[in-house]
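Single-structure report; data block below.
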Amino acid sequence: MQTQTQHEYDQVIARCRALFLAKTHDYGTAWRILRLPSVTDQLYIKAQRIRSIQEKGTQLVADGVEEEFVAIINYCVIALLQLHLPADAPLDLPTEEVAAAYDQEIEANRQLLFAKNHDYGEAWRQMRIPSITDIILMKLHRTKQIEDLAGQTQVSEGVEANYRDMLNYAVFVLIKMELGEVGAA
């Protein structure tokens with residue numbers, strides 16, 4: 001199962017990475033202007049739209065649920081990049097540097113995924129897609145609360161752990177969708 005999951009994970013990430021780098025080509029690193037709470041709010045908008053479509057069963061805007069989960073993955077990477085870039089990093093970053101940083105963050109997430117899969121026995125495979133959407137929304141509410149507390153938590157892992165979990169949950173959904181699971185919308 002580990003090999004299957006790794007293959008599926010890598011396929012999803014390759015798709016997300018290609019889109020991220022294509023947008024970097026088109027827009028540069030305009031996302032660098034965003035502060036972390038703005039990235040969190042952007043993630044919230046995406047997750048809330050997914051939930052709304054799941055509940056209504058229809059959508060009026062062309063971008064589908066699948067594209068929104070891809071956006072969640074890439075916005076989580078943006079948040080992680082913003083967290084780890086030095087304070088004096090320029091707004092405009094070379095594409096090669098962005099690609100290397102993207103890969104570094106994804107590798108950290110991949111390691112987290114396999115550690116958690118070991119402990120949880122790939123329980124995500126039994127979860128329903130709308131439940132995963134709810135977990136992402138819950139983690140966004142947690143992240144917003146941590147941001148509102150200026151990071152001063154008593155027992156929380158912090159915003160980085162939440163971004164990493166949301167990223168992996170979104171990958172799980174895309175794997176499930178690729179496998180033809182119903183309930184995405």
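Labels for the structure tokens follow display order: chains A, B, ..., residues from 1 in each chain, ligands from 1.
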Subject >> Spatial neighbours of A:Arg110, 12 Å, only C-alpha atoms, chain gap at least 2 places, as a VMD selection string >> reply: chain A and resid 2 5 to 10 12 to 13 103 to 108 112 to 117 164 to 165 167 to 169 171 to 172
Residue contacts of A:Arg35 (12 Å, only C-alpha atoms) excluding same-chain residues fewer than 5 positions away, as a JSON list (two decimals) with C-alpha atoms, in the first residue's frame:
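Result saved to out_17.json:
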[["chain", "number", "residue", "atom", "x", "y", "z"],
["A", 30, "ALA", "CA", 3.04, 37.99, -6.85],
["A", 40, "THR", "CA", -5.31, 31.45, 5.27],
["A", 41, "ASP", "CA", -8.32, 33.47, 4.13],
["A", 42, "GLN", "CA", -7.71, 32.45, 0.51],
["A", 78, "ILE", "CA", 2.61, 29.25, -0.58],
["A", 79, "ALA", "CA", 1.94, 29.47, 3.17],
["A", 80, "LEU", "CA", 4.83, 27.12, 3.92],
["A", 81, "LEU", "CA", 7.12, 29.04, 1.58],
["A", 82, "GLN", "CA", 6.16, 32.32, 3.25],
["A", 83, "LEU", "CA", 6.80, 30.78, 6.68],
["A", 87, "ALA", "CA", 12.25, 38.18, 6.24],
["A", 91, "LEU", "CA", 9.18, 39.82, -3.62],
["A", 147, "GLU", "CA", -3.09, 33.74, 13.90]]
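Of the listed residues A:Met166, A:Ile73, A:Ala123, A:Leu179, the one whose atoms come nearest to A:Leu19 is A:Ile73, with distances taken using only C-alpha atoms.
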**OP:** Would you please give, as a VMD selection string, all residues of stretch 20-137 of chain A that DSSP assigns to alpha helix (DSSP H) based on the backbone?
**Re:** chain A and resid 20 to 27 36 to 56 65 to 84 95 to 120 129 to 137
